[in-house]
Every structure is written in C-alpha cells, then in structure tokens.
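I have placed the structure first, in the form of structure tokens, so that the comments after it can refer back to it.
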Amino acid sequence: MRTRTYKETYSQLSSLFPYADTWAWYGVLMAIVLALPWLVPTYIFAYVTLVLIAVIGAVGLNIVTGTAGLISLGQAGFLAIGAYTTGILTTSYGWGLASAMLASGVASAAASLLVGIPSLRLKGLYLAITTLAFSIIVVHLINDADSLTGGSSGLPVRRPDLFGVVPMRSQMAMYFLSLAVAVLVILATLNLLRCRVGRAWAALHDYDIAATLMGINLVRYKLLAFAVSAFIVGLAGSLMALNIRYLNTDSFGLILSIEAIAMIIVGGLGSVRGAVLGAILITLLPDLSRWVLGQFGSFTGSLASGSAAEIKGIIYALVIMFFLRMEPEGLNHQWKRIKRFWSEWPYSH
Amino acid sequence: MIEAPKILEIRNLSKKFGGLQALSDVSIRVRQGEIASFIGPNGAGKTTLFNMICRLYQPSSGEIRFEDKNLLDFRPHHLARLGIGRTFQNLALFRHGTVIENLLVGMHAHLQAGVLAGVFRFGRAAAEERRAREEVERIVEFLEIEEIRNSPVSVLPYGLQKRVEMGRALATRPRLLLLDEMVSGMNQEETEDIARFVLDLRDELGLTVIMIEHDMNVVMDISDMVHVLNFGVPIASGPPAAVAADPAVIDAYLGRGGS
C-alpha cells in the first residue's frame with residue numbers, strides 16, 4: 001500500500017511525478033519499449049511505430065481541442081502539411097532529416113494561424129466546420145500544385161540519414177526515431193500543461209470572461225494553442241511521410257481527422273495520458289475488429305477486409321458514442337480508478 | 001481626519017443598451033482603503049457598473065479613472081496587471097481545475113513563462129512556479145481553505161466555491177477588489193466569515209473593496225460608504241447610517257418597517 005504523500009518544499013509539490021516509484025515504473029516501461037525490436041518480429045514493431053506516430057498526433061490535437069476546448073477537425077490538413085513539407089524538402093531539396101522535421105512543425109504551425117484567426121470568433125460546431133474546410137482546402141491545394149507535390153500521382157519520399165551520419169533505412173531506425181519524438185513530445189506537453197501557458201488554455205476553455213480578467217489575452221492564447229498543437233501534429237505528419245516513404249493525398253481524408261478526435265475522446269479530453277491511451281486503442285481497433293470478424297467465418301472476414309474504410313468509420317462512430325455515453329472522462333478516468341484501487345490495496349474499497 | 005487619496009473615480013458615466021438606459025450620469029468616488037457598497041434593487045445597474053469598470057462593457061459616455069489612469073484606455077486583460085481583481089455574481093470558476101490550479105490561474109498576469117520556458121522548465125521558469133505556489137499557499141491560509149486545496153472545485157459546496165473565487169481574485173494581487181454578491185445564498189456563518197475576510201483584507205493588506213451586496217446586515221456593518229442605485233440613477237451616497245435614514249432610499253429599496 002502506498003502511503004499519503006508528505007512534501008516539505010514547494011518544488012516537491014509541483015514536481016511532475018509526486019511518487020518516487022513512478023519513475024521506476026516508467027523506467028521499466030522505457031526498458032521494454034527500447035528492447036522491443038530485439039524481442040518481437042519486425043511487423044510488430046513496425047506496427048508499434050504506427051501507434052507511436054498516432055500518439056504524437058493525438059497529444060498534439062489534445063492541446064487545442066482537449067485542453068483549450070477549440071474543436072478542430074483540421075487534423076488531416078496539419079498532418080498533410082507536415083508530411084508534404086518533409087517529403088518535398090528531403091526528396092526535392094536534399095534537406096537533412098532533423099531540419100526537415102523541424103520545418104514540418106513550423107510550416108504546420110504557420111498554417112494553423114490561418115485557421116486560428118476565425119477561431120477567435122467561432123465556437124463549437126462553427127469552428128469544427130471551419131477547420132474541416134481548412135483540411136479539405138489543404139488537400140485540394142496539394143493536388144493542384146503537382147509540380148511540387150506530385151499531385152494525384154503521389155510523391156515518393158527519401159529517408160535521409162539522421163544528422164548525415166545515423167543510417168535511417170531500417171524499420172528499426174524508424175521505430176527509434178518515432179519513439180524518441182513521442183517521448184520528447186509527451187514530456188514537453190506535460191511540462192507545458194502544468195505551467196502558466198497550459199493553465200491559461202484550460203482557463204479560457206472553462207470560462208473565457210473570467211480568464212480575461214485574470215490577465216489572459218484570449219487572442220494570443222487561442223492562436224498559441226493552435227500553433228503549438230499544429231507544430232506537434234506537423235511532426236507526426238513528418239514521421240508519417242518518412243515511415244510510408246510514399247505520399248498520396250488519399251491518405252489525408254476526413255476519416256483521419258475523425259480518427260484523431262476519437263482518440264482524444266476515448267482517452268479523455270484534456271489529459272495527455274488519455275491521448276496516449278486513446279491513440280493506442282483507436283489504432284489497434286480496426287485490426288482487432290477485423291480479427292474478431294474473421295473468427296465468425298470467411299464471409300464476415302472477407303466483408304471486413306473488402307470494405308475496410310467503411311467498417312473503420314462505423315467502428316469509430318460506435319466507439320465515440322459508447323464513450324460519450326458510458327465514460328465521458330475516457331480511459332484516463334478508468335486508469336485513475338484502477339491505479340487508486342491497487343495503490344490502496346489491500347485496504348481499497 | 002485626513003482624507004485618503006481617491007483610488008477610483010467614476011464621472012458622469014452612462015450606459016445605454018439599445019433603448020434601455022441601464023445607467024445614467026453616475027458619479028462615484030472611492031477612496032483608498034475604503035469598503036464601499038453598491039446597493040439597489042435588481043436591474044438597478046450595479047453589475048453593469050462593475051462590467052464597465054472591468055472594461056467588459058464600453059460606456060456610452062463618461063469617464064472612469066483608476067489611480068490617475070484613464071481605465072477606458074485599457075482592455076479587460078490588462079486589469080489584473082493594473083491592480084483590479086473581481087469575482088462574479090454567478091460562479092465563474094475554472095471547473096476542471098483544483099482549488100490550487102484556479103488560484104494559480106489568478107497569478108497569470110504576474111508570471112512570465114512562455115511556451116519554450118514552460119516546455120523546458122529550467123531555472124527561471126521552475127523558480128517562478130515555486131514562487132507562485134508559495135504565494136498561492138498564503139492565500140489558501142488566509143481564506144482558511146487548507147483542507148480543500150487539492151479538491152476539484154466542481155465538487156465543493158457553493159459557499160466554498162465563492163471563497164475560492166475570492167482567492168482567485170486575490171491572486172491577481174489587486175489593490176482594488178470588486179466583489180459581486182459575495183454572500184448571496186450563504187448561511188449566517190459563511191456570511192460572517194466573508195465579512196471578516198473583507199475587513200482583514202482592508203486592515204492587513206490595505207486593499208480597497210467595492211461590494212455589490214443585497215445582505216443589508218453585511219452592508220451596514222462593514223461598509224464605510226454606501227452608494228444606492230435605482231433604475232440606473234444614483235439616488236444616495238454616504239456613510240451607512242445616513243443612507244439608511246434617507247427617505248428616497250427607504251422608498252426605493254429598503255422599504256418601511258412596521259405596518
């Protein structure tokens with residue numbers, strides 16, 4: 001049983017992990033994910049790479065939609081900008097890996113200011129529609145600018161060596177790159193959300209007039225939420241491009257934005273842990289359900305693989321409805337409950 | 001007695017909402033270290049007046065000066081830094097946060113960390129968080145809410161939520177504190193606690209407090225000056241005893257005792 005915490009200094013009170021053994025548990029988790037490529041076959045850690053990229057995207061979206069409460073259906077647009085920036089810079093202009101990734105984040109953040117400006121006046125459904133339109137426009141522009149982006153025929157992406165020395169060809173290298181970015185993004189976001197900026201976002205979400213009188217400049221902080229979120233999503237887009245090594249605008253449809261919203265709703269809006277858990281569940285879900293359907297015989301199995309996109313959409317809709325109805329605070333809430341139970345065991349009730 | 005300098009001066013302030021004259025030609029002076037009360041029936045324009053001081057509404061005409069600055073030159077998010085804090089008539093807490101988090105938001109204007117400093121949380125940013133936490137703990141102690149400091153505000157009873165909101169306003173380090181119907185809906189004990197806090201704020205920290213209040217016991221007991229509004233028109237100003245005896249105030253608001 002874990003006893004109550006006694007703190008002697010204010011810095012202990014505001015530390016990231018209030019319990020010493022939390023570090024130990026995350027250490028164990030890190031050891032497992034670091035050793036993963038040597039423990040499991042390639043297709044599994046290739047799959048985990050996809051999960052990690054989804055985690056980065058969800059953590060990014062969670063900042064603007066979960067914490068600051070500004071609904072964004074523009075995730076696909078920001079991912080596309082990030083992906084194509086990396087694709088174009090590495091393939092056509094010979095940029096290095098790190099600088100191309102950084103440029104993806106910056107390009108996506110810059111584009112987010114365009115969507116951010118209407119967000120100063122729009123709320124809820126109207127903002128959702130505006131961001132959705134943004135996403136569609138981005139895909140349209142990419143298709144039209146075919147001299148730069150390859151248009152509808154697509155764009156092959158070169159995967160340069162990291163800093164010119166670390167070879168990135170293997171799937172294992174891609175796995176570690178995604179893991180490093182995911183860990184950095186999670187730590188950065190956790191820090192950001194517990195400082196002045198993160199508190200301002202949460203405050204303007206809950207009560208914007210009161211937030212103003214606390215000295216929070218709504219214009220600045222809404223734009224900042226969009227920009228920081230889009231920067232992270234741009235990184236995820238960049239990793240997508242490097243991972244698939246071939247870009248096509250078909251992969252940046254509406255379903256991608258819905259998927260991202262589903263992740264943060266399932267995980268629990270506003271929580272970084274929730275975004276991580278939600279991203280894992282939603283990424284696994286289509287394959288999980290295909291496997292389940294396959295168990296019922298070849299007909300349902302072939303139905304599932306034949307119309308994968310449609311099935312995906314239905315599953316996301318069902319999952320979102322289920323969570324909104326049964327557990328609006330998401331997986332994060334369940335996680336806390338379970339953790340409380342075991343940390344008070346055997347005296348839990 | 002030497003008169004303290006003015007901290008807030010409202011001159012000929014009027015506000016029209018379409019055809020409705022919410023406030024007409026209001027002039028009020030509040031001196032430093034004073035506890036002033038705005039009273040009047042519902043719809044008298046008290047909250048409208050607060051909202052104009054907080055720059056949420058633009059006056060139709062008139063002037064508001066705070067410590068020799070023209071308040072009309074500022075936007076609402078400047079007020080915390082200028083030294084004006086406020087609570088709201090209906091609770092306006094950040095409901096997803098804990099008590100401590102709500103109070104820390106109040107410190108916003110006095111902290112500096114931007115995105116990069118927040119992300120890395122080295123040196124200055126970490127030290128700043130520590131100082132903020134220390135200052136917030138002093139407010140927790142002052143308002144006697146130690147036991148609930150880590151509770152989410154949404155689970156607290158109404159009286160305590162109001163107290164947290166007062167704490168959040170104090171965290172903006174105000175010299176002028178605006179309290180909008182602080183004790184409405186509170187029981188006797190909670191009301192007395194609030195009255196004691198208001199007096200302590202003035203006596204120990206030298207704050208100037210303006211209250212909008214319907215509880216006449218509180219108004220009469222702790223105010224230095226009472227300003228009465230009726231249908232947007234100021235009908236009396238003065239010390240509590242004088243205002244309570246004013247026939248116009250009795251007619252409009254207090255009512256006559258007996259039968």
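A note on labels: chains of the structure tokens are A, B, ... as shown, every chain counts residues from 1, and ligands are counted from 1 in their shown order.
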
Chain A near chain B within 7 Å: what's each residue's closest atom pair and its distance in Å to one decimal, counting only C-alpha atoms, ordered by chain then ascending residue number, as JSON lines?
{"residue": "A:Tyr10", "atom": "CA", "partner": "B:Arg130", "partner_atom": "CA", "distance": 5.7}
{"residue": "A:Ser11", "atom": "CA", "partner": "B:Arg130", "partner_atom": "CA", "distance": 5.7}
{"residue": "A:Ala188", "atom": "CA", "partner": "B:Val119", "partner_atom": "CA", "distance": 4.8}
{"residue": "A:Thr189", "atom": "CA", "partner": "B:Val119", "partner_atom": "CA", "distance": 6.8}
{"residue": "A:Asn191", "atom": "CA", "partner": "B:Val119", "partner_atom": "CA", "distance": 5.2}
{"residue": "A:Leu192", "atom": "CA", "partner": "B:Gly118", "partner_atom": "CA", "distance": 4.9}
{"residue": "A:Cys195", "atom": "CA", "partner": "B:Gly118", "partner_atom": "CA", "distance": 5.7}
{"residue": "A:Arg196", "atom": "CA", "partner": "B:His108", "partner_atom": "CA", "distance": 6.3}
{"residue": "A:Val197", "atom": "CA", "partner": "B:Gly114", "partner_atom": "CA", "distance": 6.5}
{"residue": "A:Arg199", "atom": "CA", "partner": "B:Val105", "partner_atom": "CA", "distance": 6.0}
{"residue": "A:Ala200", "atom": "CA", "partner": "B:Val105", "partner_atom": "CA", "distance": 6.5}
{"residue": "A:Ala203", "atom": "CA", "partner": "B:Phe94", "partner_atom": "CA", "distance": 5.7}
{"residue": "A:Asp206", "atom": "CA", "partner": "B:Phe94", "partner_atom": "CA", "distance": 5.2}
{"residue": "A:Tyr207", "atom": "CA", "partner": "B:Phe94", "partner_atom": "CA", "distance": 6.2}
{"residue": "A:Ala210", "atom": "CA", "partner": "B:Ala92", "partner_atom": "CA", "distance": 6.2}
{"residue": "A:Thr212", "atom": "CA", "partner": "B:His77", "partner_atom": "CA", "distance": 4.8}
{"residue": "A:Leu213", "atom": "CA", "partner": "B:His77", "partner_atom": "CA", "distance": 5.3}
{"residue": "A:Met214", "atom": "CA", "partner": "B:Gly106", "partner_atom": "CA", "distance": 5.2}
{"residue": "A:Gly215", "atom": "CA", "partner": "B:His77", "partner_atom": "CA", "distance": 4.2}
{"residue": "A:Ile216", "atom": "CA", "partner": "B:His77", "partner_atom": "CA", "distance": 5.7}
{"residue": "A:Asn217", "atom": "CA", "partner": "B:His77", "partner_atom": "CA", "distance": 5.7}

Write the residues of the preceding selection, restricted to C-alpha atoms, as a PDB file, in the first residue's frame.
ATOM      1  CA  TYR A  10       7.136  23.797  -2.811  1.00  0.00           C
ATOM      2  CA  SER A  11       9.250  22.357  -5.609  1.00  0.00           C
ATOM      3  CA  ALA A 188       7.219  18.710 -23.340  1.00  0.00           C
ATOM      4  CA  THR A 189       3.422  18.711 -23.323  1.00  0.00           C
ATOM      5  CA  ASN A 191       5.524  20.423 -18.724  1.00  0.00           C
ATOM      6  CA  LEU A 192       3.660  22.931 -20.824  1.00  0.00           C
ATOM      7  CA  CYS A 195       2.831  25.919 -16.364  1.00  0.00           C
ATOM      8  CA  ARG A 196       1.294  29.329 -16.902  1.00  0.00           C
ATOM      9  CA  VAL A 197       0.538  28.701 -20.579  1.00  0.00           C
ATOM     10  CA  ARG A 199      -3.299  26.811 -17.183  1.00  0.00           C
ATOM     11  CA  ALA A 200      -4.322  29.747 -19.361  1.00  0.00           C
ATOM     12  CA  ALA A 203      -8.989  28.584 -18.070  1.00  0.00           C
ATOM     13  CA  ASP A 206     -13.843  26.779 -18.871  1.00  0.00           C
ATOM     14  CA  TYR A 207     -14.736  30.445 -18.565  1.00  0.00           C
ATOM     15  CA  ALA A 210     -13.113  35.185 -16.064  1.00  0.00           C
ATOM     16  CA  THR A 212      -9.643  37.584 -19.442  1.00  0.00           C
ATOM     17  CA  LEU A 213      -9.863  39.268 -16.070  1.00  0.00           C
ATOM     18  CA  MET A 214      -7.038  37.077 -14.793  1.00  0.00           C
ATOM     19  CA  GLY A 215      -4.943  38.825 -17.436  1.00  0.00           C
ATOM     20  CA  ILE A 216      -5.170  36.149 -20.129  1.00  0.00           C
ATOM     21  CA  ASN A 217      -5.144  37.631 -23.611  1.00  0.00           C
TER      22      ASN A 217
END

Extract the full set of alpha helix (DSSP H) residues from region 175-268 of chain A according to DSSP on the backbone, and format it as a PyMOL selection string. chain A and resi 175-193+196-206+208-213+218-244+254-267

Selection from above, C-alpha atoms, as a PDB file, in the first residue's frame, can you write it?
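Result file is selection-v3.pdb:
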ATOM      1  CA  TYR A 175      10.952   2.861 -34.714  1.00  0.00           C
ATOM      2  CA  PHE A 176      13.552   4.533 -32.516  1.00  0.00           C
ATOM      3  CA  LEU A 177      13.094   7.897 -34.215  1.00  0.00           C
ATOM      4  CA  SER A 178       9.330   7.765 -33.616  1.00  0.00           C
ATOM      5  CA  LEU A 179       9.878   6.629 -30.047  1.00  0.00           C
ATOM      6  CA  ALA A 180      12.292   9.484 -29.337  1.00  0.00           C
ATOM      7  CA  VAL A 181       9.949  12.092 -30.795  1.00  0.00           C
ATOM      8  CA  ALA A 182       6.963  10.618 -28.930  1.00  0.00           C
ATOM      9  CA  VAL A 183       8.764  10.661 -25.574  1.00  0.00           C
ATOM     10  CA  LEU A 184      10.019  14.214 -26.097  1.00  0.00           C
ATOM     11  CA  VAL A 185       6.584  15.443 -27.199  1.00  0.00           C
ATOM     12  CA  ILE A 186       4.876  13.809 -24.211  1.00  0.00           C
ATOM     13  CA  LEU A 187       7.344  15.270 -21.702  1.00  0.00           C
ATOM     14  CA  ALA A 188       7.219  18.710 -23.340  1.00  0.00           C
ATOM     15  CA  THR A 189       3.422  18.711 -23.323  1.00  0.00           C
ATOM     16  CA  LEU A 190       3.219  17.577 -19.705  1.00  0.00           C
ATOM     17  CA  ASN A 191       5.524  20.423 -18.724  1.00  0.00           C
ATOM     18  CA  LEU A 192       3.660  22.931 -20.824  1.00  0.00           C
ATOM     19  CA  LEU A 193       0.260  21.997 -19.432  1.00  0.00           C
ATOM     20  CA  ARG A 196       1.294  29.329 -16.902  1.00  0.00           C
ATOM     21  CA  VAL A 197       0.538  28.701 -20.579  1.00  0.00           C
ATOM     22  CA  GLY A 198      -1.270  25.400 -20.062  1.00  0.00           C
ATOM     23  CA  ARG A 199      -3.299  26.811 -17.183  1.00  0.00           C
ATOM     24  CA  ALA A 200      -4.322  29.747 -19.361  1.00  0.00           C
ATOM     25  CA  TRP A 201      -5.582  27.334 -22.050  1.00  0.00           C
ATOM     26  CA  ALA A 202      -7.613  25.355 -19.539  1.00  0.00           C
ATOM     27  CA  ALA A 203      -8.989  28.584 -18.070  1.00  0.00           C
ATOM     28  CA  LEU A 204     -10.163  30.042 -21.367  1.00  0.00           C
ATOM     29  CA  HIS A 205     -11.819  26.711 -22.101  1.00  0.00           C
ATOM     30  CA  ASP A 206     -13.843  26.779 -18.871  1.00  0.00           C
ATOM     31  CA  ASP A 208     -13.359  32.901 -21.068  1.00  0.00           C
ATOM     32  CA  ILE A 209     -14.534  36.152 -19.437  1.00  0.00           C
ATOM     33  CA  ALA A 210     -13.113  35.185 -16.064  1.00  0.00           C
ATOM     34  CA  ALA A 211      -9.900  34.140 -17.828  1.00  0.00           C
ATOM     35  CA  THR A 212      -9.643  37.584 -19.442  1.00  0.00           C
ATOM     36  CA  LEU A 213      -9.863  39.268 -16.070  1.00  0.00           C
ATOM     37  CA  LEU A 218      -7.699  35.398 -25.353  1.00  0.00           C
ATOM     38  CA  VAL A 219      -6.495  36.216 -28.861  1.00  0.00           C
ATOM     39  CA  ARG A 220      -2.913  35.371 -28.095  1.00  0.00           C
ATOM     40  CA  TYR A 221      -3.618  32.178 -26.182  1.00  0.00           C
ATOM     41  CA  LYS A 222      -6.113  30.759 -28.669  1.00  0.00           C
ATOM     42  CA  LEU A 223      -3.647  31.303 -31.515  1.00  0.00           C
ATOM     43  CA  LEU A 224      -0.879  29.860 -29.375  1.00  0.00           C
ATOM     44  CA  ALA A 225      -2.944  26.739 -28.684  1.00  0.00           C
ATOM     45  CA  PHE A 226      -3.483  26.245 -32.397  1.00  0.00           C
ATOM     46  CA  ALA A 227       0.175  26.858 -33.223  1.00  0.00           C
ATOM     47  CA  VAL A 228       1.665  24.578 -30.559  1.00  0.00           C
ATOM     48  CA  SER A 229      -0.823  21.852 -31.382  1.00  0.00           C
ATOM     49  CA  ALA A 230      -0.167  22.142 -35.115  1.00  0.00           C
ATOM     50  CA  PHE A 231       3.589  22.088 -34.558  1.00  0.00           C
ATOM     51  CA  ILE A 232       3.316  18.714 -32.833  1.00  0.00           C
ATOM     52  CA  VAL A 233       0.847  17.378 -35.408  1.00  0.00           C
ATOM     53  CA  GLY A 234       3.248  18.572 -38.123  1.00  0.00           C
ATOM     54  CA  LEU A 235       5.968  16.419 -36.528  1.00  0.00           C
ATOM     55  CA  ALA A 236       3.585  13.448 -36.626  1.00  0.00           C
ATOM     56  CA  GLY A 237       2.897  14.172 -40.315  1.00  0.00           C
ATOM     57  CA  SER A 238       6.614  14.317 -40.992  1.00  0.00           C
ATOM     58  CA  LEU A 239       7.114  10.913 -39.357  1.00  0.00           C
ATOM     59  CA  MET A 240       4.197   9.533 -41.387  1.00  0.00           C
ATOM     60  CA  ALA A 241       5.928  10.617 -44.594  1.00  0.00           C
ATOM     61  CA  LEU A 242       9.259   9.142 -43.533  1.00  0.00           C
ATOM     62  CA  ASN A 243       7.624   5.936 -42.410  1.00  0.00           C
ATOM     63  CA  ILE A 244       5.498   5.228 -45.508  1.00  0.00           C
ATOM     64  CA  LEU A 254     -11.800  13.285 -43.305  1.00  0.00           C
ATOM     65  CA  ILE A 255     -11.581   9.875 -41.656  1.00  0.00           C
ATOM     66  CA  LEU A 256      -8.103  10.769 -40.382  1.00  0.00           C
ATOM     67  CA  SER A 257      -9.457  13.819 -38.530  1.00  0.00           C
ATOM     68  CA  ILE A 258     -12.342  11.786 -37.107  1.00  0.00           C
ATOM     69  CA  GLU A 259      -9.882   9.131 -36.011  1.00  0.00           C
ATOM     70  CA  ALA A 260      -7.853  11.746 -34.132  1.00  0.00           C
ATOM     71  CA  ILE A 261     -10.956  13.179 -32.428  1.00  0.00           C
ATOM     72  CA  ALA A 262     -11.992   9.642 -31.498  1.00  0.00           C
ATOM     73  CA  MET A 263      -8.578   9.085 -29.886  1.00  0.00           C
ATOM     74  CA  ILE A 264      -8.832  12.041 -27.546  1.00  0.00           C
ATOM     75  CA  ILE A 265     -12.495  11.443 -26.683  1.00  0.00           C
ATOM     76  CA  VAL A 266     -11.853   7.787 -25.913  1.00  0.00           C
ATOM     77  CA  GLY A 267      -8.782   8.726 -23.892  1.00  0.00           C
TER      78      GLY A 267
END

With only C-alpha atoms as the counted atoms, please give the residues lying no more than 10 Å from region 322-333 of chain A, apart from itself and same-chain residues fewer than 4 positions off, as a ChimeraX atom specification. /A:262-278,281,316-318,337-339
